[in-house]
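For reference, entry09.txt is printed below; it contains compact mmCIF, C-alpha atoms.
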# COMPACT_ATOMS: atom_id res chain seq x y z
CA MET D 2 77.54 97.95 75.04
CA SER D 3 77.26 101.72 74.75
CA THR D 4 74.76 104.49 74.19
CA ALA D 5 75.29 108.14 73.38
CA ASP D 6 76.63 109.05 76.80
CA GLY D 7 76.60 105.70 78.59
CA ALA D 8 78.15 102.26 78.40
CA THR D 9 78.24 99.00 80.28
CA VAL D 10 81.39 96.95 80.77
CA ARG D 11 81.60 93.44 82.18
CA PHE D 12 84.76 92.40 84.02
CA HIS D 13 85.23 88.74 84.88
CA ARG D 14 85.68 88.29 88.62
CA SER D 15 88.54 85.83 88.22
CA LEU D 16 90.55 88.43 86.29
CA TYR D 17 89.54 91.79 87.73
CA LEU D 18 89.54 92.82 91.38
CA GLU D 19 86.71 94.97 92.69
CA GLU D 20 89.21 97.32 94.37
CA ALA D 21 91.11 97.66 91.10
CA ILE D 22 87.91 98.60 89.29
CA ALA D 23 87.00 101.07 92.02
CA GLU D 24 90.47 102.60 91.79
CA ALA D 25 90.10 103.01 88.03
CA ALA D 26 86.65 104.54 88.51
CA GLU D 27 88.15 107.01 90.95
CA THR D 28 90.83 107.93 88.41
CA PHE D 29 88.19 108.64 85.76
CA ALA D 30 85.65 110.19 88.12
CA GLY D 31 85.92 113.53 86.36
CA LEU D 32 85.08 112.01 82.98
CA ALA D 33 82.10 109.78 83.76
CA THR D 34 79.88 108.45 86.52
CA PHE D 35 80.46 104.85 87.52
CA ALA D 36 78.16 102.31 89.17
CA VAL D 37 79.66 98.90 89.97
CA ARG D 38 77.50 95.86 90.69
CA SER D 39 77.95 92.13 90.83
CA ASP D 40 76.32 89.83 88.30
CA GLY D 41 77.26 86.16 88.47
CA ASP D 42 80.88 85.73 87.39
CA HIS D 43 81.24 89.37 86.44
CA TRP D 44 81.56 92.81 87.89
CA VAL D 45 79.29 95.00 85.82
CA VAL D 46 80.14 98.66 85.52
CA ASP D 47 77.55 101.08 84.24
CA LEU D 48 79.10 104.28 82.96
CA SER D 49 76.96 107.33 82.42
CA GLY D 50 77.54 110.94 81.59
CA ILE D 51 80.71 110.09 79.70
CA ALA D 52 82.64 113.17 78.65
CA ARG D 53 82.80 113.24 74.86
CA ASP D 54 84.98 116.30 74.49
CA VAL D 55 88.17 114.54 75.56
CA ASP D 56 90.97 113.13 73.47
CA GLY D 57 90.77 109.34 73.59
CA ASP D 58 88.25 106.67 74.46
CA VAL D 59 87.19 107.07 78.09
CA VAL D 60 85.55 103.63 78.37
CA ALA D 61 88.48 101.78 76.81
CA GLU D 62 91.04 103.69 78.85
CA PHE D 63 89.02 102.88 81.98
CA CYS D 64 89.22 99.18 81.02
CA ASN D 65 92.99 99.43 80.60
CA PHE D 66 93.32 101.05 84.01
CA ALA D 67 91.15 98.36 85.62
CA LEU D 68 93.36 95.71 84.03
CA ALA D 69 96.63 97.37 85.05
CA ASN D 70 95.37 97.92 88.60
CA SER D 71 94.26 94.28 88.90
CA ALA D 72 97.61 93.01 87.62
CA ARG D 73 99.54 95.30 89.98
CA ARG D 74 97.45 94.41 93.01
CA ARG D 75 97.61 90.67 92.32
CA ARG D 76 101.38 90.84 91.86
CA GLY D 77 101.71 92.81 95.09
CA ALA D 78 99.65 90.23 96.94
CA HIS D 79 101.71 87.39 95.45
CA ALA D 80 105.11 88.91 96.36
CA MET W 22 86.10 69.91 69.26
CA THR W 23 88.24 71.10 72.17
CA THR W 24 90.96 73.54 71.19
CA THR W 25 94.01 73.96 73.35
CA ARG W 26 96.03 76.36 71.24
CA THR W 27 95.70 80.11 71.11
CA GLN W 28 93.48 81.21 68.27
CA ILE W 29 92.03 84.30 66.69
CA GLU W 30 88.28 84.22 67.26
CA THR W 31 87.40 87.43 65.48
CA LEU W 32 89.35 89.93 63.42
CA ASP W 33 87.93 93.24 62.26
CA PRO W 34 90.42 95.50 60.47
CA ALA W 35 87.76 98.22 60.05
CA ALA W 36 87.58 98.56 63.84
CA SER W 37 91.27 97.64 64.34
CA SER W 38 90.14 94.95 66.72
CA LEU W 39 90.54 91.26 67.25
CA THR W 40 89.61 88.65 69.80
CA LEU W 41 91.97 85.93 70.91
CA SER W 42 91.16 82.91 73.00
CA LEU W 43 93.59 80.69 74.84
CA ASP W 44 93.43 77.64 77.05
CA VAL W 45 93.52 78.49 80.76
CA GLY W 46 95.53 75.34 81.39
CA LEU W 47 98.39 76.49 79.18
CA TYR W 48 99.01 79.94 80.57
CA PRO W 49 98.89 81.07 84.21
CA ARG W 50 96.84 84.15 84.92
CA GLU W 51 99.99 86.08 85.82
CA ALA W 52 101.40 85.43 82.32
CA LEU W 53 98.19 86.75 80.79
CA TYR W 54 98.39 89.90 82.92
CA ALA W 55 102.02 90.45 82.05
CA ALA W 56 101.52 89.93 78.32
CA ALA W 57 98.51 92.24 78.31
CA TYR W 58 100.47 94.86 80.20
CA VAL W 59 103.11 94.94 77.45
CA PHE W 60 100.45 96.00 74.94
CA ILE W 61 98.61 98.47 77.11
CA ASP W 62 100.32 101.49 75.55
CA ARG W 63 99.36 100.40 72.02
CA ALA W 64 95.95 98.84 72.48
CA TYR W 65 92.84 98.73 74.59
CA LEU W 66 92.47 95.33 76.22
CA LEU W 67 89.61 93.63 77.95
CA LEU W 68 90.12 90.18 79.40
CA ASP W 69 87.36 87.67 79.91
CA ARG W 70 86.92 84.02 80.64
CA GLN W 71 84.55 81.57 79.00
CA ASP W 72 84.63 78.08 80.47
CA THR W 73 88.17 76.77 79.98
CA ARG W 74 89.40 79.63 77.86
CA PHE W 75 90.68 83.12 78.48
CA VAL W 76 89.34 85.59 75.95
CA VAL W 77 91.32 88.70 75.07
CA HIS W 78 89.50 91.56 73.37
CA PHE W 79 92.06 93.69 71.68
CA ARG W 80 91.64 97.06 69.89
CA THR W 81 94.57 99.16 68.77
CA LYS W 82 94.69 102.82 69.80
CA HIS W 83 95.44 103.88 66.22
CA PRO W 84 93.99 102.42 63.01
CA VAL W 85 95.96 99.49 61.57
CA ASP W 86 95.39 97.09 58.71
CA GLU W 87 94.83 93.35 58.88
CA THR W 88 98.51 92.50 58.43
CA VAL W 89 99.48 94.57 61.44
CA LEU W 90 96.61 93.13 63.48
CA ARG W 91 97.71 89.58 62.72
CA ALA W 92 101.29 90.48 63.54
CA MET W 93 100.21 91.91 66.88
CA ALA W 94 98.26 88.74 67.62
CA GLY W 95 101.41 86.74 66.96
CA GLU W 96 103.44 89.11 69.08
CA PHE W 97 100.92 88.72 71.90
CA GLU W 98 101.22 84.93 71.72
CA ASN W 99 105.01 85.18 71.84
CA GLU W 100 104.79 87.48 74.83
CA LEU W 101 102.44 85.05 76.57
CA LEU W 102 104.91 82.24 76.06
CA ALA W 103 107.83 84.32 77.33
CA GLN W 104 105.89 85.45 80.38
CA ALA W 105 104.70 81.91 81.14
CA LEU W 106 108.28 80.66 81.04
CA ARG W 107 109.44 83.54 83.19
CA HIS W 108 106.72 82.75 85.70
CA GLN W 109 107.73 79.09 85.74
CA VAL W 110 111.42 79.90 86.27
CA THR W 111 110.62 82.34 89.07
CA ASP W 112 108.40 79.80 90.78
CA ALA W 113 111.01 77.06 90.47
CA ASN W 114 113.76 79.26 91.91
CA GLN W 115 111.76 81.18 94.49
CA ARG W 116 113.54 79.67 97.50
CA ILE W 117 116.99 80.17 95.99
CA ILE W 118 116.19 83.80 95.15
CA GLU W 119 114.94 84.46 98.66
CA GLU W 120 118.01 82.83 100.24
CA VAL W 121 120.45 84.75 98.04
CA VAL W 122 118.73 88.03 98.89
CA ALA W 123 118.68 87.15 102.61
CA ILE W 124 122.42 86.36 102.56
CA ALA W 125 123.18 89.55 100.66
CA ILE W 126 121.24 91.66 103.16
CA ALA W 127 122.82 89.86 106.10
CA GLY W 128 126.27 90.41 104.52
CA ALA W 129 125.61 94.12 104.09
CA ALA W 130 124.68 94.24 107.77
CA GLY W 131 128.07 92.74 108.70
CA ASP W 132 126.73 89.27 109.31
CA PRO W 133 127.70 87.06 106.35
CA ASP W 134 126.46 83.91 108.10
CA GLY W 135 123.08 85.46 108.70
CA THR W 136 123.18 84.23 112.31
CA ALA W 137 123.04 87.58 114.04
CA GLY W 138 120.16 88.99 112.06
CA ALA W 139 117.89 89.38 115.05
CA ALA W 140 120.54 91.20 117.09
CA LEU W 141 121.27 93.62 114.24
CA GLU W 142 117.68 94.40 113.54
CA GLY W 143 117.25 98.16 113.50
CA ALA W 144 120.99 98.86 113.72
CA PRO W 145 122.50 101.28 111.13
CA LEU W 146 124.36 99.58 108.25
CA VAL W 147 127.19 102.15 108.37
CA ALA W 148 128.63 103.67 111.53
CA LEU W 149 128.99 107.30 110.43
CA ASP W 150 131.01 108.25 113.53
CA ASP W 151 133.53 105.44 113.00
CA PRO W 152 136.50 106.72 110.93
CA ASP W 153 137.62 103.13 110.28
CA ASP W 154 134.43 102.36 108.44
CA GLY W 155 135.36 102.00 104.78
CA PHE W 156 132.25 103.79 103.61
CA VAL W 157 133.24 106.97 105.47
CA ALA W 158 137.04 106.93 105.27
CA ASP W 159 137.25 106.24 101.50
CA PRO W 160 141.11 105.89 101.58
CA ASN W 161 141.28 105.14 97.84
CA GLY W 162 139.08 108.05 96.82
CA ILE W 163 136.47 105.83 95.24
CA ALA W 164 133.60 108.10 96.18
CA ARG W 165 135.33 111.19 94.79
CA PRO W 166 133.87 112.41 91.47
CA TRP W 167 136.35 112.23 88.59
CA GLU W 168 134.84 115.12 86.63
CA PRO W 169 136.98 118.27 87.19
CA GLY W 170 133.94 120.44 87.87
CA LYS W 171 132.56 118.13 90.51
CA GLN W 172 135.63 117.31 92.57
CA GLY W 173 134.98 119.93 95.23
CA THR W 174 137.60 121.04 97.68
CA GLU W 175 138.35 117.79 99.52
Rewrite the coordinates I just gave you, this time as structure tokens.
Amino acid sequence: MSTADGATVRFHRSLYLEEAIAEAAETFAGLATFAVRSDGDHWVVDLSGIARDVDGDVVAEFCNFALANSARRRRGAHA
Amino acid sequence: MTTTRTQIETLDPAASSLTLSLDVGLYPREALYAAAYVFIDRAYLLLDRQDTRFVVHFRTKHPVDETVLRAMAGEFENELLAQALRHQVTDANQRIIEEVVAIAIAGAAGDPDGTAGAALEGAPLVALDDPDDGFVADPNGIARPWEPGKQGTE
């Protein structure tokens, strides 16, 4: 879901780690403001003030980072 | 009807996006992560779970037509299968892998039987002040560069 300068993304808790999401939010801190909350089986991230004058999709790139961070952290914990 | 196979739930060539769903019982989560990671440079991915199925939302970073989208879906399924097998093989051989690595490390520390590991803990692997140590003496000139410009003066 997205508005002109905001969006909401839902990450399933069984697939995304809160620390991984926070790490991704930190990476993109200069391009948007992030608020993470828990809602049932999901972590819900409200993005606001998304920079529109950048090359690429900030929200989608943030999702990729959250995924990559979760995969890396889970693999590190498993090893 | 319960579906166990991977299937395309939605496909939207105008948005270069598709949604796949797959049975959680068929693929371990690690295989899903690994397969998704392979595509992360070409697509935006968002994983989700609905009951007994993983759902993969997939949107390419550059516009593509339906044929390419379907091909990528197939490629993703192949990658899932490969990663699931890899995961299974790693799990099945975990102890062997760990033992081989332990023996190799013990051997490098001068203890091929691995019985003196505790005593050697913290000790240097190569005695730099020992001229008989093969790593330092290099009697056959193995460590000497063969390129004329890099041979130095020794």
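Using only C-alpha atoms, the smallest distance between any of W:Asp44, W:Glu119, W:Glu30, W:Glu98 and chain D comes from W:Glu119.
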task: Would you kindly return, as a ChimeraX atom specification, each protein, DNA or RNA residue with an atom no farther than 7 Å from any atom of region 35-42 of chain D, considering all atoms listed in the file and excluding same-chain residues fewer than 5 positions away?
output: /D:13-14,26,47-49
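When CA of Leu32 (chain W) is paired with CA of Pro84 (chain W), their separation reads 13.3 Å.
From CA of Val45 (chain D) back to CA of Tyr65 (chain W), the distance works out to 18.0 Å.
Proximity to Trp44 (chain D) was assessed for D:Gly77, D:Ser71, D:Ala8, D:Glu19 counting all atoms listed in the file; the smallest distance is recorded for D:Glu19.
Atom pair CA of Ala72 (chain D) / CA of Leu47 (chain W): separated by 18.6 Å.
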message: With all atoms listed in the file considered, list every residue of chain W at most 12 Å from chain D, as a PyMOL selection string.
response: chain W and resi 45+49-72+75-83+108+111-112+115+119
query: Quick one: of D:Thr34, D:Val59, D:Ala52, D:Val46, who's nearest to Ile22 (chain D), counting only C-alpha atoms?
result: D:Val46
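If only C-alpha atoms are the atoms counted, then among W:Thr73, W:Asn114, W:Gly128, W:Tyr48 the closest residue to Glu100 (chain W) is W:Tyr48.
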Complete region 11-33 of chain D with N, CA and C atoms (output as an mmCIF file, in the frame of the given file).
data_model
loop_
_atom_site.group_PDB
_atom_site.id
_atom_site.type_symbol
_atom_site.label_atom_id
_atom_site.label_comp_id
_atom_site.auth_asym_id
_atom_site.auth_seq_id
_atom_site.Cartn_x
_atom_site.Cartn_y
_atom_site.Cartn_z
ATOM 1 N N ARG D 11 81.630 94.613 81.301
ATOM 2 C CA ARG D 11 81.600 93.440 82.180
ATOM 3 C C ARG D 11 83.030 92.942 82.406
ATOM 4 N N PHE D 12 83.424 92.873 83.657
ATOM 5 C CA PHE D 12 84.760 92.400 84.020
ATOM 6 C C PHE D 12 84.630 91.054 84.735
ATOM 7 N N HIS D 13 85.313 90.060 84.246
ATOM 8 C CA HIS D 13 85.230 88.740 84.880
ATOM 9 C C HIS D 13 85.885 88.785 86.262
ATOM 10 N N ARG D 14 85.196 88.207 87.239
ATOM 11 C CA ARG D 14 85.680 88.290 88.620
ATOM 12 C C ARG D 14 86.990 87.555 88.846
ATOM 13 N N SER D 15 87.285 86.553 88.036
ATOM 14 C CA SER D 15 88.540 85.830 88.220
ATOM 15 C C SER D 15 89.734 86.615 87.675
ATOM 16 N N LEU D 16 89.460 87.674 86.914
ATOM 17 C CA LEU D 16 90.550 88.430 86.290
ATOM 18 C C LEU D 16 90.654 89.878 86.787
ATOM 19 N N TYR D 17 89.554 90.398 87.272
ATOM 20 C CA TYR D 17 89.540 91.790 87.730
ATOM 21 C C TYR D 17 89.124 91.855 89.199
ATOM 22 N N LEU D 18 89.861 92.644 89.963
ATOM 23 C CA LEU D 18 89.540 92.820 91.380
ATOM 24 C C LEU D 18 88.596 94.013 91.546
ATOM 25 N N GLU D 19 87.678 93.886 92.480
ATOM 26 C CA GLU D 19 86.710 94.970 92.690
ATOM 27 C C GLU D 19 87.439 96.265 93.091
ATOM 28 N N GLU D 20 88.481 96.121 93.946
ATOM 29 C CA GLU D 20 89.210 97.320 94.370
ATOM 30 C C GLU D 20 89.935 97.969 93.195
ATOM 31 N N ALA D 21 90.405 97.142 92.279
ATOM 32 C CA ALA D 21 91.110 97.660 91.100
ATOM 33 C C ALA D 21 90.141 98.435 90.199
ATOM 34 N N ILE D 22 88.928 97.917 90.089
ATOM 35 C CA ILE D 22 87.910 98.600 89.290
ATOM 36 C C ILE D 22 87.530 99.920 89.963
ATOM 37 N N ALA D 23 87.361 99.860 91.278
ATOM 38 C CA ALA D 23 87.000 101.070 92.020
ATOM 39 C C ALA D 23 88.086 102.132 91.900
ATOM 40 N N GLU D 24 89.349 101.670 91.927
ATOM 41 C CA GLU D 24 90.470 102.600 91.790
ATOM 42 C C GLU D 24 90.467 103.263 90.412
ATOM 43 N N ALA D 25 90.182 102.468 89.385
ATOM 44 C CA ALA D 25 90.100 103.010 88.030
ATOM 45 C C ALA D 25 88.940 103.998 87.913
ATOM 46 N N ALA D 26 87.814 103.651 88.546
ATOM 47 C CA ALA D 26 86.650 104.540 88.510
ATOM 48 C C ALA D 26 86.971 105.873 89.181
ATOM 49 N N GLU D 27 87.756 105.785 90.248
ATOM 50 C CA GLU D 27 88.150 107.010 90.950
ATOM 51 C C GLU D 27 89.035 107.880 90.053
ATOM 52 N N THR D 28 89.926 107.204 89.315
ATOM 53 C CA THR D 28 90.830 107.930 88.410
ATOM 54 C C THR D 28 90.034 108.686 87.336
ATOM 55 N N PHE D 29 88.962 108.056 86.862
ATOM 56 C CA PHE D 29 88.190 108.640 85.760
ATOM 57 C C PHE D 29 86.921 109.352 86.253
ATOM 58 N N ALA D 30 86.864 109.609 87.543
ATOM 59 C CA ALA D 30 85.650 110.190 88.120
ATOM 60 C C ALA D 30 85.254 111.504 87.465
ATOM 61 N N GLY D 31 86.216 112.243 86.985
ATOM 62 C CA GLY D 31 85.920 113.530 86.360
ATOM 63 C C GLY D 31 85.400 113.403 84.937
ATOM 64 N N LEU D 32 85.450 112.188 84.386
ATOM 65 C CA LEU D 32 85.080 112.010 82.980
ATOM 66 C C LEU D 32 83.818 111.183 82.786
ATOM 67 N N ALA D 33 83.326 110.573 83.860
ATOM 68 C CA ALA D 33 82.100 109.780 83.760
ATOM 69 C C ALA D 33 81.622 109.446 85.173
#
